[in-house]
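So this block is query_5.cif, mmCIF, C-alpha atoms and all ligand atoms:
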```cif
data_protein
#
loop_
_atom_site.label_atom_id
_atom_site.label_comp_id
_atom_site.auth_asym_id
_atom_site.auth_seq_id
_atom_site.Cartn_x
_atom_site.Cartn_y
_atom_site.Cartn_z
CA MET I 98 11.20 12.46 4.37
CA ASN I 99 7.60 12.81 3.23
CA ILE I 100 6.40 16.26 4.22
CA LEU I 101 3.00 17.93 3.83
CA VAL I 102 2.75 21.72 4.20
CA THR I 103 -0.55 23.62 4.27
CA GLY I 104 -0.79 27.30 3.37
CA ALA I 105 2.03 26.94 0.85
CA SER I 106 0.88 29.44 -1.77
CA SER I 107 2.33 32.55 -0.10
CA GLY I 108 4.21 33.96 2.86
CA VAL I 109 6.19 31.80 5.24
CA GLY I 110 4.62 28.52 4.04
CA PHE I 111 5.74 29.22 0.46
CA GLU I 112 9.27 29.93 1.70
CA ALA I 113 9.32 26.89 4.00
CA VAL I 114 8.52 24.61 1.05
CA LEU I 115 11.38 26.08 -1.00
CA GLU I 116 13.76 25.59 1.91
CA LEU I 117 12.66 21.97 2.42
CA LEU I 118 13.22 21.19 -1.26
CA LEU I 119 16.68 22.76 -1.50
CA SER I 120 18.46 19.88 0.21
CA GLY I 121 16.94 17.26 -2.11
CA LYS I 122 16.31 15.06 0.94
CA HIS I 123 12.55 15.50 1.14
CA LYS I 124 9.43 15.02 -0.93
CA VAL I 125 6.81 17.72 -0.34
CA ILE I 126 3.06 17.97 -0.87
CA ALA I 127 2.14 21.67 -0.85
CA LEU I 128 -1.50 22.60 -0.21
CA ALA I 129 -3.37 25.88 -0.59
CA ARG I 130 -6.52 27.04 -2.34
CA SER I 131 -4.83 29.17 -5.04
CA GLN I 132 -3.79 26.99 -7.96
CA ASP I 133 -2.01 29.84 -9.79
CA LYS I 134 0.18 30.69 -6.79
CA LEU I 135 1.04 27.01 -6.29
CA GLU I 136 2.11 26.83 -9.94
CA ARG I 137 4.45 29.76 -9.30
CA LEU I 138 5.83 27.91 -6.27
CA ALA I 139 6.50 24.85 -8.45
CA GLU I 140 8.28 26.96 -11.08
CA ILE I 141 10.53 28.63 -8.51
CA ALA I 142 11.24 25.32 -6.75
CA ALA I 143 12.23 23.68 -10.05
CA GLY I 144 14.49 26.67 -10.79
CA LEU I 145 16.28 26.27 -7.45
CA ASN I 146 16.50 22.48 -7.56
CA PRO I 147 15.53 20.84 -10.87
CA ASP I 148 15.48 17.39 -9.18
CA CYS I 149 13.12 18.40 -6.38
CA ILE I 150 9.98 16.35 -5.79
CA LEU I 151 7.09 18.72 -5.16
CA TYR I 152 3.38 17.97 -5.50
CA PRO I 153 1.39 21.22 -5.42
CA ILE I 154 -2.30 20.52 -4.83
CA ALA I 155 -5.13 23.08 -4.76
CA PHE I 156 -6.95 22.07 -1.58
CA ASP I 157 -9.07 23.83 1.01
CA ILE I 158 -8.36 22.29 4.42
CA VAL I 159 -11.74 23.46 5.74
CA HIS I 160 -14.17 22.59 2.95
CA ASP I 161 -12.62 19.96 0.65
CA ASP I 162 -13.13 16.22 0.85
CA TYR I 163 -10.04 14.41 2.13
CA HIS I 164 -10.72 11.21 0.18
CA ASP I 165 -8.79 12.22 -2.96
CA LEU I 166 -5.92 13.63 -0.90
CA LEU I 167 -5.60 10.33 0.97
CA GLN I 168 -5.55 8.46 -2.34
CA PHE I 169 -2.80 10.76 -3.59
CA ILE I 170 -0.74 10.20 -0.44
CA ASN I 171 -1.20 6.46 -0.84
CA THR I 172 0.08 6.55 -4.42
CA HIS I 173 2.87 9.10 -4.18
CA PHE I 174 3.98 8.98 -0.53
CA ASP I 175 3.64 5.22 0.14
CA ASN I 176 0.85 6.06 2.57
CA ARG I 177 3.34 7.72 4.96
CA ILE I 178 3.66 11.28 6.23
CA ASP I 179 6.73 12.01 8.36
CA ILE I 180 6.12 15.70 8.91
CA LEU I 181 2.89 17.69 8.78
CA ILE I 182 3.24 21.48 8.90
CA ASN I 183 -0.12 23.09 9.67
CA ASN I 184 0.66 26.59 8.46
CA ALA I 185 -2.54 27.66 6.65
CA GLY I 186 -4.26 30.61 8.24
CA VAL I 187 -6.44 33.64 7.69
CA LEU I 188 -6.85 36.87 9.62
CA VAL I 189 -9.67 39.34 10.14
CA ASN I 190 -8.79 42.76 11.52
CA LYS I 191 -11.88 44.53 12.91
CA PRO I 192 -12.76 46.19 16.19
CA PHE I 193 -14.59 43.78 18.49
CA ALA I 194 -17.82 45.82 18.21
CA GLN I 195 -17.87 45.24 14.43
CA LEU I 196 -16.93 41.58 14.48
CA LEU I 197 -19.76 39.36 13.26
CA GLU I 198 -20.39 35.85 14.46
CA THR I 199 -19.44 34.75 10.92
CA ASP I 200 -15.99 36.33 11.43
CA PHE I 201 -15.46 34.19 14.51
CA VAL I 202 -16.71 31.12 12.64
CA GLU I 203 -14.32 31.82 9.73
CA MET I 204 -11.34 32.30 12.07
CA LEU I 205 -12.13 29.15 14.02
CA GLN I 206 -12.70 27.10 10.87
CA SER I 207 -9.54 28.23 9.08
CA ASN I 208 -7.15 28.48 12.00
CA PHE I 209 -8.43 25.63 14.15
CA ILE I 210 -11.06 23.23 12.70
CA GLY I 211 -9.20 22.94 9.37
CA HIS I 212 -6.11 21.77 11.26
CA VAL I 213 -8.20 19.38 13.34
CA ARG I 214 -9.60 17.91 10.12
CA ILE I 215 -6.23 17.38 8.48
CA ILE I 216 -4.67 15.90 11.64
CA GLN I 217 -7.62 13.53 12.08
CA SER I 218 -7.33 12.48 8.43
CA LEU I 219 -3.58 11.92 8.41
CA PHE I 220 -2.27 10.97 11.84
CA HIS I 221 -2.81 7.25 11.19
CA LEU I 222 -0.29 7.58 8.31
CA MET I 223 2.36 9.01 10.64
CA PRO I 224 5.03 6.60 11.92
CA GLN I 225 6.91 6.62 15.25
CA GLY I 226 9.15 9.70 15.24
CA ALA I 227 6.83 11.77 13.06
CA HIS I 228 6.27 15.48 13.74
CA ILE I 229 3.16 17.62 13.59
CA LEU I 230 4.14 21.28 13.61
CA ASN I 231 1.36 23.81 14.09
CA ILE I 232 1.97 27.44 13.20
CA GLY I 233 0.47 29.63 15.89
CA SER I 234 0.84 33.29 16.74
CA MET I 235 2.07 35.50 19.53
CA GLY I 236 -1.45 36.96 19.38
CA GLY I 237 -2.72 33.70 20.85
CA TYR I 238 0.14 33.23 23.29
CA GLN I 239 -0.87 33.52 26.93
CA GLY I 240 0.40 36.72 28.55
CA SER I 241 1.67 38.29 25.30
CA ALA I 242 0.89 41.87 24.23
CA LYS I 243 -2.54 42.01 22.58
CA PHE I 244 -3.76 44.40 19.85
CA PRO I 245 -7.19 45.89 19.08
CA GLY I 246 -8.87 44.37 16.05
CA LEU I 247 -7.31 40.94 16.38
CA ALA I 248 -9.58 39.30 18.98
CA ALA I 249 -11.15 36.70 16.66
CA TYR I 250 -7.83 35.79 15.06
CA SER I 251 -5.91 35.64 18.33
CA ALA I 252 -8.56 33.53 20.07
CA SER I 253 -8.51 31.03 17.18
CA LYS I 254 -4.74 30.75 17.45
CA ALA I 255 -5.00 30.20 21.22
CA ALA I 256 -7.24 27.21 20.46
CA LEU I 257 -4.56 25.80 18.15
CA HIS I 258 -1.93 26.27 20.85
CA ASN I 259 -4.03 24.32 23.34
CA LEU I 260 -4.73 21.57 20.80
CA THR I 261 -0.95 21.19 20.40
CA GLU I 262 -0.50 20.46 24.10
CA CYS I 263 -3.45 18.03 24.18
CA LEU I 264 -2.39 16.04 21.10
CA ALA I 265 1.22 15.74 22.24
CA GLN I 266 -0.12 13.77 25.22
CA GLU I 267 -2.66 11.84 23.21
CA PHE I 268 -0.13 10.69 20.58
CA ILE I 269 2.57 9.57 23.01
CA GLU I 270 1.87 5.88 22.34
CA GLN I 271 2.06 6.37 18.57
CA GLY I 272 5.37 8.23 18.99
CA ILE I 273 4.11 11.29 17.12
CA LYS I 274 5.51 14.57 18.45
CA VAL I 275 3.38 17.72 18.30
CA ASN I 276 4.70 21.27 18.67
CA CYS I 277 3.61 24.78 17.83
CA LEU I 278 5.62 27.84 16.81
CA ALA I 279 3.91 31.03 17.98
CA LEU I 280 5.20 33.48 15.38
CA GLY I 281 5.79 37.12 16.25
CA SER I 282 6.05 38.85 12.91
CA ALA I 283 7.37 38.11 9.45
CA GLN I 284 6.89 40.32 6.40
CA THR I 285 3.89 38.78 4.59
CA GLU I 286 0.47 39.77 3.23
CA MET I 287 -1.10 38.67 6.50
CA LEU I 288 1.19 40.90 8.56
CA GLU I 289 0.23 43.87 6.35
CA LYS I 290 -3.43 43.12 7.07
CA ALA I 291 -2.82 42.88 10.82
CA PHE I 292 -0.48 45.87 11.14
CA PRO I 293 -0.75 48.05 7.99
CA GLY I 294 2.51 49.85 7.24
CA TYR I 295 4.51 48.00 9.91
CA GLU I 296 7.84 46.63 8.71
CA SER I 297 8.92 43.44 10.38
CA PRO I 298 12.61 42.89 11.10
CA VAL I 299 12.07 39.32 9.89
CA MET I 300 11.63 38.55 6.19
CA ALA I 301 9.24 35.79 5.07
CA PHE I 302 12.10 33.68 3.73
CA GLU I 303 13.93 33.86 7.07
CA MET I 304 10.87 32.68 8.99
CA GLY I 305 10.18 30.04 6.34
CA LYS I 306 13.70 28.69 6.77
CA TYR I 307 13.28 28.61 10.55
CA ILE I 308 9.97 26.73 10.24
CA ALA I 309 11.48 24.23 7.79
CA ASP I 310 14.50 23.58 10.05
CA PHE I 311 12.34 23.23 13.16
CA ALA I 312 9.92 20.88 11.41
CA VAL I 313 12.79 18.56 10.54
CA THR I 314 14.75 18.68 13.81
CA GLY I 315 12.68 20.35 16.56
CA HIS I 316 10.85 17.22 17.70
CA ARG I 317 14.12 15.66 18.82
CA PHE I 318 14.19 18.28 21.57
CA PHE I 319 10.57 19.38 22.11
CA ASN I 320 7.14 17.80 22.45
CA GLY I 321 3.87 19.49 23.35
CA LYS I 322 5.55 22.89 23.37
CA VAL I 323 4.19 26.23 22.19
CA LEU I 324 7.33 28.21 21.47
CA PRO I 325 7.37 31.98 20.94
CA VAL I 326 9.39 32.94 17.85
CA ALA I 327 9.54 36.71 18.14
CA VAL I 328 12.27 39.33 18.20
CA SER I 329 9.89 42.28 18.35
CA THR I 330 6.35 43.29 19.33
CA PRO I 331 4.51 42.71 17.04
N1 LIG I 401 3.38 36.78 9.07
C1 LIG I 401 3.30 36.95 10.38
O1 LIG I 401 3.79 37.93 10.92
C2 LIG I 401 2.60 35.91 11.22
C3 LIG I 401 2.55 36.13 12.59
C4 LIG I 401 1.94 35.19 13.40
C5 LIG I 401 1.43 34.04 12.84
N2 LIG I 401 1.48 33.85 11.49
C6 LIG I 401 0.90 32.61 10.95
O2 LIG I 401 1.73 32.08 9.95
C7 LIG I 401 0.94 31.33 9.01
C8 LIG I 401 1.29 31.79 7.60
O3 LIG I 401 0.89 33.14 7.46
P1 LIG I 401 1.58 34.18 6.46
O4 LIG I 401 1.94 35.36 7.24
O5 LIG I 401 2.59 33.51 5.63
O6 LIG I 401 0.30 34.62 5.63
P2 LIG I 401 -0.20 34.38 4.15
O7 LIG I 401 0.84 34.80 3.18
O8 LIG I 401 -1.54 35.02 4.07
O9 LIG I 401 -0.35 32.78 4.06
C9 LIG I 401 -1.48 32.09 4.48
C10 LIG I 401 -1.56 30.81 3.67
O10 LIG I 401 -2.66 30.02 4.14
C11 LIG I 401 -3.38 29.54 3.00
N3 LIG I 401 -4.74 29.22 3.41
C12 LIG I 401 -5.64 30.01 4.04
N4 LIG I 401 -6.78 29.35 4.25
C13 LIG I 401 -6.62 28.10 3.72
C14 LIG I 401 -7.45 26.96 3.61
N5 LIG I 401 -8.70 26.96 4.09
N6 LIG I 401 -6.96 25.86 3.02
C15 LIG I 401 -5.70 25.84 2.54
N7 LIG I 401 -4.86 26.89 2.59
C16 LIG I 401 -5.32 28.01 3.18
C17 LIG I 401 -3.25 30.69 1.99
O11 LIG I 401 -3.39 30.26 0.66
P3 LIG I 401 -4.71 30.31 -0.22
O12 LIG I 401 -5.38 31.62 0.01
O13 LIG I 401 -4.17 30.11 -1.60
O14 LIG I 401 -5.52 29.15 0.24
C18 LIG I 401 -1.78 31.06 2.19
O15 LIG I 401 -0.95 30.18 1.45
C19 LIG I 401 -0.51 31.58 9.39
O16 LIG I 401 -1.02 30.50 10.12
C20 LIG I 401 -0.43 32.82 10.27
O17 LIG I 401 -1.50 32.91 11.18
C21 LIG I 401 2.05 34.76 10.67
#
```

Translate this file's structure into structure tokens.
Ligand SMILES: NC(=O)c1ccc[n+]([C@@H]2O[C@H](COP(=O)([O-])OP(=O)(O)OC[C@H]3O[C@@H](n4cnc5c(N)ncnc54)[C@H](OP(=O)(O)O)[C@@H]3O)[C@@H](O)[C@H]2O)c1
Amino acid sequence: MNILVTGASSGVGFEAVLELLLSGKHKVIALARSQDKLERLAEIAAGLNPDCILYPIAFDIVHDDYHDLLQFINTHFDNRIDILINNAGVLVNKPFAQLLETDFVEMLQSNFIGHVRIIQSLFHLMPQGAHILNIGSMGGYQGSAKFPGLAAYSASKAALHNLTECLAQEFIEQGIKVNCLALGSAQTEMLEKAFPGYESPVMAFEMGKYIADFAVTGHRFFNGKVLPVAVSTP
């Protein structure tokens, strides 16, 4: 399958790409802003599976022009995306009183508008049976435990959760399934920023494997669902 993963330069996105490439069944475009980290991803992927087909591309889902990306997909992916994993994200951890409007704008752009932009740019390339998988957070999950300092981040993730439900309805005719995994915790740089010193029982590679598996199979069983993926709080 032709799979595009955003936020692939570190954390669970990095691990999900490696997992997807292990089987040799998929071609993957991996996006993130950090070229050097993407090069490391490519080296590790080639070490694990020398035949893997990975296209790492330095790309900012919020600010970059999608024209060149669309051209690339046309050339290398036959103008078809089967699975889109919207995993890119950023987090600001500040008490509400210190949060600036620019913090809210950054959270909404990176965790919501960026995903809107990429979905709007690519959904017409997605065939019947395709899957859009958004990576949300327990912080944005209705009724979950909330934590001081994470208001802007959590609210932006709640917007992504709601978008998931809306688009699942809107894309019914096209046969595109849309789901969201609301992650609890996995040991990554972002978790350290959110909860300094906290050790998650879930390693990044374990969550990456879960995301990869769900992206490939989850839409046979779910559509329009925001699913909590958490064994602990956080
Ligand atoms: N780890 C957890 O416990 C946890 C819990 C709940 C939800 N999540 C969610 O899981 C996802 C992955 O997070 P993580 O924990 O693996 O954190 P991470 O290691 O910080 O990964 C975030 C990724 O997003 C990329 N990114 C950020 N802004 C981008 C942009 N504008 N364009 C393209 N790429 C961008 C980053 O790469 P560059 O900086 O190179 O662009 C990086 O590859 C996020 O959506 C996060 O909210 C994680």

Exercise for review: For ligand LIG 401 (chain I), collect every residue having any atom at a distance of at most 6 Å from a ligand atom (counting only C-alpha atoms and all ligand atoms); output as a ChimeraX atom specification.
Suggested key: /I:103-110,128-131,156-159,184-187,207,232-234,280-288

Practice item. Kindly give the distance, in Å, that separates CA of Gln225 (chain I) and CA of Asn320 (chain I), rounded to a single decimal. Key: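 If I compute the distance from CA of Gln225 (chain I) to CA of Asn320 (chain I), I get 13.3 Å.
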
Practice item. Would you work out the distance separating CA of Leu117 (chain I) from CA of Met304 (chain I), expressed in Å to one decimal? Key: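 Going from CA of Leu117 (chain I) over to CA of Met304 (chain I) covers 12.7 Å.
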
Review point. Which of these residues is nearest to Gln217 (chain I), using all atoms listed in the file: I:Ala113, I:Gly272, I:Tyr163, I:Leu257?
Key: I:Tyr163

Practice item. Name the residues within 10 Å of (1.1, 25.5, 19.7), counting all atoms listed in the file in the file's coordinates, and put them as a count of residues only. Key: 28

Point to revise | Nearby residues (all atoms listed in the file) at most 12 Å from Pro153 (chain I), same-chain spacing under 2 positions excluded, as number ranges by chain | key: I: 100-106, 111, 114-115, 124-140, 142, 150-151, 155-156, 166, 169

I need the chosen residues saved as an mmCIF file, keeping the file's coordinate frame, with C-alpha atoms.
```cif
data_model
loop_
_atom_site.group_PDB
_atom_site.id
_atom_site.type_symbol
_atom_site.label_atom_id
_atom_site.label_comp_id
_atom_site.auth_asym_id
_atom_site.auth_seq_id
_atom_site.Cartn_x
_atom_site.Cartn_y
_atom_site.Cartn_z
ATOM 1 C CA ILE I 100 6.400 16.260 4.220
ATOM 2 C CA LEU I 101 3.000 17.930 3.830
ATOM 3 C CA VAL I 102 2.750 21.720 4.200
ATOM 4 C CA THR I 103 -0.550 23.620 4.270
ATOM 5 C CA GLY I 104 -0.790 27.300 3.370
ATOM 6 C CA ALA I 105 2.030 26.940 0.850
ATOM 7 C CA SER I 106 0.880 29.440 -1.770
ATOM 8 C CA PHE I 111 5.740 29.220 0.460
ATOM 9 C CA VAL I 114 8.520 24.610 1.050
ATOM 10 C CA LEU I 115 11.380 26.080 -1.000
ATOM 11 C CA LYS I 124 9.430 15.020 -0.930
ATOM 12 C CA VAL I 125 6.810 17.720 -0.340
ATOM 13 C CA ILE I 126 3.060 17.970 -0.870
ATOM 14 C CA ALA I 127 2.140 21.670 -0.850
ATOM 15 C CA LEU I 128 -1.500 22.600 -0.210
ATOM 16 C CA ALA I 129 -3.370 25.880 -0.590
ATOM 17 C CA ARG I 130 -6.520 27.040 -2.340
ATOM 18 C CA SER I 131 -4.830 29.170 -5.040
ATOM 19 C CA GLN I 132 -3.790 26.990 -7.960
ATOM 20 C CA ASP I 133 -2.010 29.840 -9.790
ATOM 21 C CA LYS I 134 0.180 30.690 -6.790
ATOM 22 C CA LEU I 135 1.040 27.010 -6.290
ATOM 23 C CA GLU I 136 2.110 26.830 -9.940
ATOM 24 C CA ARG I 137 4.450 29.760 -9.300
ATOM 25 C CA LEU I 138 5.830 27.910 -6.270
ATOM 26 C CA ALA I 139 6.500 24.850 -8.450
ATOM 27 C CA GLU I 140 8.280 26.960 -11.080
ATOM 28 C CA ALA I 142 11.240 25.320 -6.750
ATOM 29 C CA ILE I 150 9.980 16.350 -5.790
ATOM 30 C CA LEU I 151 7.090 18.720 -5.160
ATOM 31 C CA ALA I 155 -5.130 23.080 -4.760
ATOM 32 C CA PHE I 156 -6.950 22.070 -1.580
ATOM 33 C CA LEU I 166 -5.920 13.630 -0.900
ATOM 34 C CA PHE I 169 -2.800 10.760 -3.590
#
```

Check your understanding: Within 9 Å of (12.7, 10.1, 22.0), in the coordinates the file gives, what residues turn up when you count all atoms listed in the file, written out as a list in words?
Key ->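 Those residues lying close to the given coordinates are Gly226, Gly272, His316, Arg317 and Phe318 of chain I.
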
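As for CA of Ala194 (chain I) and CA of Ala248 (chain I), they are spaced 10.5 Å apart.
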
Check your understanding: Contacts of Ile229 (chain I) at 8 Å or less, counting all atoms listed in the file, minus same-chain residues fewer than 3 places along, as JSON, numbers by chain?
Key -> {"I": [180, 181, 182, 183, 273, 274, 275, 276, 312]}

May I have the residues from that selection written out with C-alpha atoms, as a PDB file, in the coordinates of the input?
```
ATOM      1  CA  ILE I 180       6.120  15.700   8.910  1.00  0.00           C
ATOM      2  CA  LEU I 181       2.890  17.690   8.780  1.00  0.00           C
ATOM      3  CA  ILE I 182       3.240  21.480   8.900  1.00  0.00           C
ATOM      4  CA  ASN I 183      -0.120  23.090   9.670  1.00  0.00           C
ATOM      5  CA  ILE I 273       4.110  11.290  17.120  1.00  0.00           C
ATOM      6  CA  LYS I 274       5.510  14.570  18.450  1.00  0.00           C
ATOM      7  CA  VAL I 275       3.380  17.720  18.300  1.00  0.00           C
ATOM      8  CA  ASN I 276       4.700  21.270  18.670  1.00  0.00           C
ATOM      9  CA  ALA I 312       9.920  20.880  11.410  1.00  0.00           C
TER      10      ALA I 312
END
```

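In terms of minimum interatomic distance to Lys243 (chain I), I:Ala291 ranks closest within I:Ala291, I:Val299, I:Val326, I:Ile210, counting all atoms listed in the file.
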
Practice item. Go through I:Tyr250, I:Pro192, I:Ile178, I:Thr314 and flag the residue nearest Gln206 (chain I), using all atoms listed in the file for the distances. Key: I:Tyr250

Point to revise | Which residue of I:Asp179, I:Leu264, I:Gly240, I:His164 approaches Val213 (chain I) most closely, using all atoms listed in the file | key: I:Leu264

Practice item. For Ser253 (chain I), work out the shell of residues within 6 Å, counting all atoms listed in the file and skipping chain neighbours fewer than 5 positions away, then give it as a ChimeraX atom specification. Key: /I:204-205,208

How would the residues just chosen look if you wrote them out with C-alpha atoms as a CSV table (one decimal), keeping the file's coordinate frame?
```
chain,number,residue,atom,x,y,z
I,204,MET,CA,-11.3,32.3,12.1
I,205,LEU,CA,-12.1,29.2,14.0
I,208,ASN,CA,-7.2,28.5,12.0
```

Point to revise | Top pick for closest residue to Asp200 (chain I), considering I:Ile216, I:Glu296, I:Gln168, I:Gly246 and counting only C-alpha atoms | key: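 Closest to Asp200 (chain I) of all the choices is I:Gly246.
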